[in-house]
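Engineer: I'm passing along data-v5.txt; it holds compact mmCIF, C-alpha atoms.
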# COMPACT_ATOMS: atom_id res chain seq x y z
CA THR A 692 43.05 -30.91 -38.22
CA GLY A 693 42.17 -34.57 -37.93
CA ARG A 694 44.24 -35.54 -40.96
CA ILE A 695 47.73 -35.77 -39.52
CA SER A 696 49.00 -39.18 -38.45
CA GLY A 697 52.33 -40.73 -37.56
CA THR A 698 54.91 -39.18 -35.26
CA VAL A 699 56.35 -35.70 -34.85
CA PRO A 700 59.91 -35.38 -36.24
CA ALA A 701 62.56 -34.67 -33.62
CA SER A 702 63.60 -31.53 -35.51
CA TYR A 703 60.06 -30.19 -35.79
CA CYS A 704 60.57 -27.27 -33.38
CA GLU A 705 64.08 -26.33 -34.43
CA SER A 706 64.26 -22.83 -35.85
CA PRO A 707 66.87 -21.67 -38.35
CA SER A 708 69.38 -19.05 -37.28
CA PRO A 709 68.53 -15.62 -38.73
CA LYS A 710 70.64 -14.47 -41.61
CA GLN A 711 72.47 -11.18 -41.62
CA GLY A 712 70.03 -8.31 -41.76
CA GLU A 713 67.04 -10.43 -40.75
CA SER A 714 65.04 -9.86 -37.58
CA LYS A 715 65.63 -12.29 -34.74
CA GLU A 716 61.94 -13.22 -34.97
CA TYR A 717 62.20 -14.16 -38.64
CA GLY A 718 61.55 -17.87 -39.07
CA MET A 719 60.94 -18.40 -35.37
CA LEU A 720 58.07 -20.65 -34.27
CA GLN A 721 55.12 -18.61 -33.01
CA ASP A 722 52.19 -21.04 -33.19
CA LEU A 723 52.31 -24.80 -32.71
CA GLU A 724 48.83 -26.20 -33.35
CA LEU A 725 48.59 -29.95 -33.74
CA GLY A 726 45.32 -30.48 -31.88
CA ASP A 727 42.41 -32.70 -32.93
CA ASN A 728 44.64 -35.28 -34.61
CA GLU A 729 43.86 -38.49 -32.78
CA HIS A 730 46.30 -40.53 -34.88
CA LEU A 731 49.25 -38.26 -34.15
CA SER A 732 51.53 -40.07 -31.72
CA GLY A 733 55.10 -40.21 -30.48
CA THR A 734 56.87 -37.70 -28.29
CA LEU A 735 57.49 -34.01 -28.70
CA SER A 736 61.04 -32.70 -28.63
CA TRP A 737 62.02 -30.76 -25.51
CA SER A 738 62.96 -27.87 -27.83
CA CYS A 739 59.24 -27.24 -28.41
CA PHE A 740 59.03 -26.10 -24.80
CA THR A 741 61.89 -23.60 -25.07
CA GLN A 742 60.66 -21.43 -27.91
CA GLN A 743 61.25 -17.78 -27.09
CA TYR A 744 58.60 -16.52 -29.50
CA LEU A 745 55.97 -19.22 -29.16
CA GLU A 746 52.53 -17.82 -28.35
CA GLU A 747 50.22 -20.82 -28.83
CA LEU A 748 50.85 -24.47 -27.97
CA ARG A 749 47.91 -26.73 -28.80
CA LEU A 750 48.36 -30.50 -28.67
CA ASP A 751 44.87 -31.42 -27.45
CA SER A 752 43.07 -34.59 -28.53
CA THR A 753 46.16 -36.36 -29.85
CA ALA A 754 47.99 -39.55 -28.90
CA LEU A 755 51.20 -37.67 -28.12
CA SER A 756 52.98 -39.13 -25.10
CA GLY A 757 56.08 -38.62 -23.02
CA THR A 758 56.94 -36.78 -19.82
CA LEU A 759 56.40 -33.05 -19.60
CA PRO A 760 59.82 -31.36 -19.29
CA GLN A 761 60.35 -29.37 -16.11
CA PHE A 762 62.63 -26.90 -17.87
CA VAL A 763 60.15 -24.77 -19.77
CA ASP A 764 61.06 -21.41 -21.23
CA LEU A 765 58.11 -19.87 -23.07
CA PRO A 766 58.19 -16.17 -22.13
CA ARG A 767 55.57 -15.15 -24.73
CA ILE A 768 53.18 -18.06 -24.38
CA GLU A 769 49.50 -17.07 -24.23
CA GLU A 770 47.62 -20.32 -24.82
CA VAL A 771 48.50 -23.87 -23.74
CA ASP A 772 46.10 -26.74 -24.42
CA LEU A 773 47.44 -30.22 -23.68
CA SER A 774 44.09 -31.76 -22.79
CA GLU A 775 43.14 -35.32 -23.74
CA THR A 776 46.68 -36.45 -24.55
CA LYS A 777 48.84 -39.28 -23.22
CA LEU A 778 51.38 -36.97 -21.67
CA SER A 779 52.55 -37.71 -18.14
CA GLY A 780 54.53 -36.23 -15.30
CA THR A 781 53.82 -33.11 -13.30
CA VAL A 782 52.82 -29.56 -14.21
CA PRO A 783 56.01 -27.55 -14.82
CA GLY A 784 56.13 -24.51 -12.57
CA ARG A 785 57.86 -22.48 -15.26
CA LEU A 786 54.88 -23.01 -17.53
CA CYS A 787 53.26 -20.28 -15.45
CA GLY A 788 56.26 -17.98 -15.60
CA LYS A 789 59.81 -17.72 -14.32
CA PRO A 790 60.57 -16.41 -10.84
CA GLY A 791 61.62 -12.78 -10.97
CA ALA A 792 60.50 -12.34 -14.58
CA ASP A 793 57.73 -10.14 -15.93
CA PRO A 794 54.17 -11.41 -15.31
CA SER A 795 53.29 -14.28 -17.60
CA PRO A 796 51.03 -13.40 -20.56
CA LEU A 797 49.37 -16.84 -20.24
CA GLN A 798 45.61 -16.62 -20.83
CA LEU A 799 44.62 -20.26 -21.36
CA LEU A 800 45.86 -23.35 -19.49
CA LYS A 801 43.92 -26.54 -20.31
CA LEU A 802 45.31 -29.78 -18.91
CA SER A 803 42.06 -31.70 -18.59
CA ARG A 804 41.60 -35.44 -19.07
CA ILE A 805 45.31 -36.30 -18.87
CA GLU A 806 45.12 -39.48 -16.83
CA ASP A 807 48.83 -39.68 -16.05
CA LEU A 808 49.23 -36.05 -15.02
CA SER A 809 49.86 -35.91 -11.28
CA GLY A 810 51.94 -34.12 -8.67
CA THR A 811 51.22 -30.81 -7.01
CA MET A 812 49.89 -27.82 -8.90
CA PRO A 813 52.52 -25.03 -8.74
CA GLU A 814 51.28 -22.15 -6.63
CA GLN A 815 52.29 -19.56 -9.22
CA CYS A 816 49.66 -21.01 -11.57
CA PHE A 817 47.00 -19.65 -9.20
CA LYS A 818 48.44 -16.15 -9.46
CA LEU A 819 48.36 -15.35 -13.17
CA ALA A 820 47.13 -11.83 -13.79
CA ASN A 821 46.11 -12.50 -17.41
CA LEU A 822 44.70 -16.04 -17.14
CA LYS A 823 41.13 -16.48 -18.41
CA GLU A 824 40.71 -20.27 -18.27
CA LEU A 825 42.21 -22.87 -15.93
CA ASN A 826 41.07 -26.44 -16.52
CA LEU A 827 42.37 -29.45 -14.58
CA LYS A 828 39.30 -31.65 -15.03
CA ARG A 829 39.84 -35.40 -14.61
CA THR A 830 43.49 -35.30 -13.66
CA ARG A 831 45.36 -36.53 -10.61
CA VAL A 832 46.87 -33.11 -10.00
CA ALA A 833 46.75 -32.38 -6.28
CA GLY A 834 47.56 -29.54 -3.92
CA THR A 835 45.77 -27.08 -1.69
CA LEU A 836 44.10 -24.03 -3.18
CA PRO A 837 46.04 -20.99 -1.91
CA ARG A 838 44.08 -18.56 0.21
CA ASP A 839 45.65 -15.67 -1.67
CA MET A 840 44.66 -16.95 -5.12
CA ASP A 841 44.79 -14.06 -7.59
CA LEU A 842 43.17 -14.72 -10.96
CA ARG A 843 41.65 -11.33 -11.71
CA GLN A 844 40.81 -11.97 -15.36
CA ILE A 845 39.64 -15.57 -14.93
CA GLU A 846 36.41 -16.56 -16.67
CA VAL A 847 36.46 -20.37 -16.48
CA ILE A 848 37.64 -22.61 -13.60
CA ASP A 849 37.15 -26.37 -13.82
CA PHE A 850 38.74 -28.49 -11.07
CA SER A 851 36.15 -31.28 -11.18
CA ASN A 852 37.34 -34.83 -10.56
CA SER A 853 40.82 -33.61 -9.66
CA GLY A 854 42.93 -34.07 -6.54
CA LEU A 855 42.83 -30.41 -5.52
CA SER A 856 41.63 -29.63 -2.01
CA GLY A 857 41.18 -26.73 0.36
CA THR A 858 38.45 -24.10 0.46
CA ILE A 859 37.06 -21.62 -2.03
CA SER A 860 39.65 -18.89 -1.89
CA ASP A 861 38.67 -15.43 -0.79
CA GLY A 862 40.95 -14.29 -3.61
CA LEU A 863 38.19 -15.14 -6.10
CA ARG A 864 36.46 -12.02 -4.83
CA ARG A 865 38.62 -10.15 -7.34
CA SER A 866 37.54 -12.37 -10.24
CA LYS A 867 34.68 -10.21 -11.47
CA SER A 868 34.58 -11.95 -14.88
CA LEU A 869 34.16 -15.49 -13.51
CA ARG A 870 31.21 -17.13 -15.29
CA PHE A 871 31.97 -20.86 -15.02
CA LEU A 872 32.95 -22.54 -11.75
CA GLU A 873 33.05 -26.36 -11.59
CA LEU A 874 34.27 -28.01 -8.37
CA SER A 875 32.22 -31.21 -8.25
CA ARG A 876 34.00 -34.36 -7.10
CA ALA A 877 37.12 -32.47 -6.10
CA GLY A 878 38.40 -32.23 -2.54
CA VAL A 879 37.29 -28.63 -2.09
CA SER A 880 35.22 -28.15 1.06
CA GLY A 881 34.32 -25.63 3.76
CA THR A 882 31.81 -22.83 3.46
CA VAL A 883 30.42 -21.39 0.25
CA PRO A 884 31.25 -17.67 0.34
CA SER A 885 28.34 -15.38 -0.38
CA PHE A 886 30.57 -13.05 -2.43
CA LEU A 887 30.11 -15.48 -5.35
CA ASN A 888 26.79 -13.75 -5.89
CA SER A 889 28.60 -10.54 -6.81
CA LEU A 890 30.43 -12.22 -9.69
CA SER A 891 29.07 -13.14 -13.14
CA LEU A 892 27.88 -16.64 -12.25
CA ASP A 893 24.21 -15.89 -12.88
CA GLY A 894 24.61 -14.26 -16.29
CA PRO A 895 23.78 -15.71 -19.73
CA GLY A 896 25.70 -18.91 -20.36
CA ALA A 897 27.05 -18.96 -16.81
CA SER A 898 27.42 -22.11 -14.74
CA CYS A 899 28.31 -22.76 -11.13
CA ARG A 900 28.37 -26.37 -9.95
CA LEU A 901 29.89 -27.18 -6.60
CA VAL A 902 28.43 -30.68 -6.40
CA ASP A 903 26.93 -33.16 -8.85
CA ASP A 904 23.77 -35.23 -9.06
CA THR A 905 25.14 -38.17 -7.10
CA HIS A 906 26.87 -36.52 -4.17
CA SER A 907 26.03 -33.55 -1.98
CA GLY A 908 29.65 -32.50 -1.72
CA ASN A 909 31.78 -31.48 1.23
CA PHE A 910 30.50 -27.96 1.77
CA GLN A 911 29.16 -26.82 5.10
CA CYS A 912 25.55 -25.91 5.65
CA PRO A 913 23.72 -23.71 5.45
CA LEU A 914 24.53 -22.77 1.86
CA PRO A 915 24.13 -19.06 1.08
CA MET A 916 20.75 -18.73 -0.58
CA ASP A 917 21.82 -15.46 -2.17
CA VAL A 918 24.00 -17.53 -4.50
CA PRO A 919 21.21 -19.53 -6.18
CA SER A 920 23.27 -20.70 -9.14
CA CYS A 921 25.79 -22.29 -6.78
CA THR A 922 23.27 -23.93 -4.48
CA ARG A 923 21.48 -25.96 -7.12
CA ILE A 924 22.20 -29.14 -9.05
CA TYR A 925 20.31 -29.60 -12.27
CA GLY A 926 17.69 -27.13 -11.08
CA GLN A 927 17.22 -28.76 -7.67
CA GLU A 928 18.20 -27.31 -4.34
CA ILE A 929 21.25 -28.98 -2.81
CA ASP A 930 20.21 -30.85 0.30
CA CYS A 931 23.17 -30.87 2.67
CA GLU A 932 21.45 -33.30 5.02
CA TYR A 933 21.17 -36.07 2.46
CA ASP A 934 24.15 -37.72 0.83
CA TYR A 935 23.13 -38.71 -2.67
CA ALA A 936 26.00 -41.19 -2.85
CA SER A 937 24.84 -43.13 0.21
CA PRO A 938 22.65 -46.22 -0.15
CA PRO A 939 18.99 -45.81 0.86
CA PRO A 940 18.26 -46.54 4.52
CA PRO A 941 17.05 -50.07 5.33
CA PRO A 942 13.31 -50.64 5.91
CA PRO A 943 12.12 -50.12 9.48
CA ARG A 944 12.22 -53.18 11.72
CA GLY A 945 9.14 -55.31 11.38
CA PHE A 946 8.39 -54.11 7.84
CA ASP A 947 9.63 -56.27 4.95
CA GLY A 948 7.62 -54.82 2.10
CA LEU A 949 4.15 -53.97 0.89
CA ASP A 950 3.10 -57.60 1.23
CA ASP A 951 3.17 -57.16 5.01
CA LEU A 952 0.43 -54.53 4.94
CA SER A 953 -3.16 -55.48 5.58
CA PRO A 954 -5.74 -54.46 2.94
CA GLY A 955 -6.95 -51.70 5.24
CA MET A 956 -3.50 -50.22 5.79
CA MET A 957 -2.79 -50.51 2.05
CA ALA A 958 -5.86 -48.40 1.39
CA LEU A 959 -4.69 -45.81 3.90
CA LEU A 960 -1.25 -45.68 2.27
CA LEU A 961 -2.78 -45.25 -1.19
CA LEU A 962 -5.04 -42.46 0.03
CA PHE A 963 -2.06 -40.81 1.70
CA CYS A 964 0.01 -40.85 -1.49
CA LEU A 965 -2.83 -39.61 -3.66
CA SER A 966 -3.52 -36.70 -1.31
CA GLY A 967 0.01 -35.38 -1.55
CA ALA A 968 2.56 -37.58 -3.30
CA GLY A 969 5.42 -35.13 -3.13
CA ALA A 970 4.93 -34.38 0.55
CA ALA A 971 4.41 -38.07 1.29
CA VAL A 972 7.64 -39.19 -0.31
CA HIS A 973 9.59 -36.43 1.40
CA LEU A 974 8.01 -37.05 4.79
CA VAL A 975 8.44 -40.83 4.74
CA ARG A 976 11.94 -40.87 3.30
CA ARG A 977 13.40 -38.06 5.36
CA SER A 978 11.82 -38.17 8.77
CA LEU A 979 9.08 -40.58 9.66
CA ALA A 980 10.42 -43.77 8.08
CA PRO A 981 13.37 -44.14 10.47
CA ARG A 982 11.02 -43.85 13.44
CA LYS A 983 7.77 -45.44 12.35
CA SER A 984 6.54 -47.99 9.86
CA ILE A 985 5.21 -46.73 6.56
CA ALA A 986 1.73 -47.83 7.61
CA GLU A 987 1.94 -45.75 10.80
CA ALA A 988 3.23 -42.81 8.78
CA ALA A 989 0.26 -43.07 6.44
CA ALA A 990 -2.19 -43.17 9.33
CA MET A 991 -0.54 -40.17 10.96
CA ALA A 992 -0.63 -38.16 7.73
CA LEU A 993 -4.37 -38.67 7.36
CA GLU A 994 -4.90 -36.75 10.60
CA MET A 995 -3.11 -33.69 9.19
CA GLN A 996 -3.54 -31.29 6.33
CA VAL A 997 -0.99 -32.36 3.73
CA GLY A 998 -0.02 -28.74 3.08
CA ASP A 999 0.86 -28.36 6.74
CA ILE A 1000 3.16 -31.38 6.93
CA LYS A 1001 6.52 -30.40 8.28
CA VAL A 1002 9.67 -32.46 8.34
CA VAL A 1003 10.44 -33.60 11.86
CA LYS A 1004 14.13 -33.48 12.67
Let's see the structure in the file written out as structure tokens.
Structural biologist:
Amino acid sequence: TGRISGTVPASYCESPSPKQGESKEYGMLQDLELGDNEHLSGTLSWSCFTQQYLEELRLDSTALSGTLPQFVDLPRIEEVDLSETKLSGTVPGRLCGKPGADPSPLQLLKLSRIEDLSGTMPEQCFKLANLKELNLKRTRVAGTLPRDMDLRQIEVIDFSNSGLSGTISDGLRRSKSLRFLELSRAGVSGTVPSFLNSLSLDGPGASCRLVDDTHSGNFQCPLPMDVPSCTRIYGQEIDCEYDYASPPPPPPRGFDGLDDLSPGMMALLLLFCLSGAGAAVHLVRRSLAPRKSIAEAAAMALEMQVGDIKVVK
């Protein structure tokens, strides 16, 4: 990989007709792996998406372009990775199986970082019995997560920075192997179900991120504290009452900066901070600052034991 450049020939996916006495599978395309070739460009023939014996389709990290065909017929496909390409269009519903056919053997579906991929995610793609990874990170793919989502073998879900919305489906209760759940900066909201704690999200190498370090997300409070891996961001507890994306509140009226403090009040403020910097910052920023000047907050704190300071709501 990494050494192929140019364009893909139009006849690349055409398979020869079997000769007499040969198996139908003889000479048929089973694996198409062109990934990690950033200088590979052009379009891929529609025939590449109608290979009856194709099991792996990997075009990731290439400059391949064109519109994804809606007529897809890949009954044996197990792995599809189209991430970080210049493909466009919408996700073909038949990529996740044909209506009335046997359950799709698809185990991997990676469509991340395709900027021109949009439309609505087909509902059947949320009901793949064999799927282990579903990645729509940084796409414009939209749609509402179905309440009856059924991904029993899923291990990795990444919908971050996508257009998907809805709530965390109760159907994930069946996903006992789920070890990576990334929903930050998507439109998913509602309550965080406590059943996530019964999955594998706290095991070695596991990750559960519902929000990121700049935004507290859309989830309702209180968050279930029995799901610690899903209620933290970079090791810090998610604070539902503070929106990390919002600008800091303006200074209280009558206070324009430290220059306005008298030497005596400056000394009180310094003593206050030295006696409990963490509590001071939290108290002033969260509760007292909107109601009193910083100087008044410092004076008030000196009358209390710092360890007993409680946030006033």
Engineer: Would you compute an axis-aligned box for range 874-887 of chain A, covering every atom listed for it in the file with 3 Å of margin on each side, and report centre and edge lengths in Å to one decimal as lines of an AutoDock Vina configuration file?
Structural biologist:
center_x = 33.4
center_y = -23.7
center_z = -2.3
size_x = 16.1
size_y = 27.3
size_z = 18.1
Engineer: Kindly indicate which residue among A:Cys704, A:Ala792, A:Leu892, A:Leu797 lies nearest to Phe817 in chain A, using all atoms listed in the file for the distances.
Structural biologist: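 Nearest to Phe817 in chain A: A:Leu797.
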Engineer: When you draw a straight line from CA of Leu855 in chain A to CA of Leu842 in chain A, how long is it in Å?
Structural biologist: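 Taking CA of Leu855 in chain A and CA of Leu842 in chain A, their separation equals 16.6 Å.
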Engineer: Please list as a VMD selection string every residue within 12 Å of range 726-731 of chain A, counting all atoms listed in the file and excluding residues in the same chain fewer than 6 positions away.
Structural biologist: chain A and resid 692 to 700 747 to 756 771 to 777
Engineer: For the residues selected in the previous step, produce a file with C-alpha atoms as an mmCIF file, keeping the file's coordinate frame.
Structural biologist:
data_model
loop_
_atom_site.group_PDB
_atom_site.id
_atom_site.type_symbol
_atom_site.label_atom_id
_atom_site.label_comp_id
_atom_site.auth_asym_id
_atom_site.auth_seq_id
_atom_site.Cartn_x
_atom_site.Cartn_y
_atom_site.Cartn_z
ATOM 1 C CA THR A 692 43.050 -30.910 -38.220
ATOM 2 C CA GLY A 693 42.170 -34.570 -37.930
ATOM 3 C CA ARG A 694 44.240 -35.540 -40.960
ATOM 4 C CA ILE A 695 47.730 -35.770 -39.520
ATOM 5 C CA SER A 696 49.000 -39.180 -38.450
ATOM 6 C CA GLY A 697 52.330 -40.730 -37.560
ATOM 7 C CA THR A 698 54.910 -39.180 -35.260
ATOM 8 C CA VAL A 699 56.350 -35.700 -34.850
ATOM 9 C CA PRO A 700 59.910 -35.380 -36.240
ATOM 10 C CA GLU A 747 50.220 -20.820 -28.830
ATOM 11 C CA LEU A 748 50.850 -24.470 -27.970
ATOM 12 C CA ARG A 749 47.910 -26.730 -28.800
ATOM 13 C CA LEU A 750 48.360 -30.500 -28.670
ATOM 14 C CA ASP A 751 44.870 -31.420 -27.450
ATOM 15 C CA SER A 752 43.070 -34.590 -28.530
ATOM 16 C CA THR A 753 46.160 -36.360 -29.850
ATOM 17 C CA ALA A 754 47.990 -39.550 -28.900
ATOM 18 C CA LEU A 755 51.200 -37.670 -28.120
ATOM 19 C CA SER A 756 52.980 -39.130 -25.100
ATOM 20 C CA VAL A 771 48.500 -23.870 -23.740
ATOM 21 C CA ASP A 772 46.100 -26.740 -24.420
ATOM 22 C CA LEU A 773 47.440 -30.220 -23.680
ATOM 23 C CA SER A 774 44.090 -31.760 -22.790
ATOM 24 C CA GLU A 775 43.140 -35.320 -23.740
ATOM 25 C CA THR A 776 46.680 -36.450 -24.550
ATOM 26 C CA LYS A 777 48.840 -39.280 -23.220
#
Engineer: When you look at Asp917 in chain A with a cut-off of 12 Å (counting all atoms listed in the file), what residues show up, excluding the ones that are within fewer than 5 positions of it in the same chain? I need them as a list in words.
Structural biologist: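 Contacts, in chain order: Val883, Pro884, Ser885, Phe886, Leu887, Asn888, Ser889, Leu890, Leu892, Asp893, Thr922 and Arg923 of chain A.
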Engineer: When you look at Leu827 in chain A with a cut-off of 12 Å (counting all atoms listed in the file), what residues show up, excluding the ones that are within fewer than 2 positions of it in the same chain? I need them as a PyMOL selection string.
Structural biologist: chain A and resi 772-775+782+799-806+808-809+811-812+816+824-825+829-834+847-855+873-874+877
Engineer: Calculated over only C-alpha atoms, which of the candidates A:Leu725, A:Leu745, A:Cys739, A:Leu778 has the smallest distance to Pro766 in chain A?
Structural biologist: A:Leu745
Engineer: So what do you get for CA of Tyr744 in chain A versus CA of Leu765 in chain A, distance-wise?
Structural biologist: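 Computing the Euclidean distance for CA of Tyr744 in chain A and CA of Leu765 in chain A yields 7.3 Å.
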Engineer: Go ahead and compute the interatomic distance for CA of Gly857 in chain A and CA of Asn826 in chain A, in Å to one decimal.
Structural biologist: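 Separation between CA of Gly857 in chain A and CA of Asn826 in chain A: 16.9 Å.
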Engineer: Which residues are near Gln761 in chain A? Cut-off 8 Å, only C-alpha atoms, ignore same chain within fewer than 2 positions. Put them as number ranges by chain.
Structural biologist: A: 759, 763, 782-785
Engineer: Near range 861-865 of chain A, within 6 Å and counting only C-alpha atoms, which residues show up once chain neighbours fewer than 5 positions away are dropped, as a JSON list (two decimals) with C-alpha atoms, in the coordinates of the input?
Structural biologist:
[["chain", "number", "residue", "atom", "x", "y", "z"],
["A", 839, "ASP", "CA", 45.65, -15.67, -1.67],
["A", 840, "MET", "CA", 44.66, -16.95, -5.12],
["A", 841, "ASP", "CA", 44.79, -14.06, -7.59],
["A", 843, "ARG", "CA", 41.65, -11.33, -11.71]]
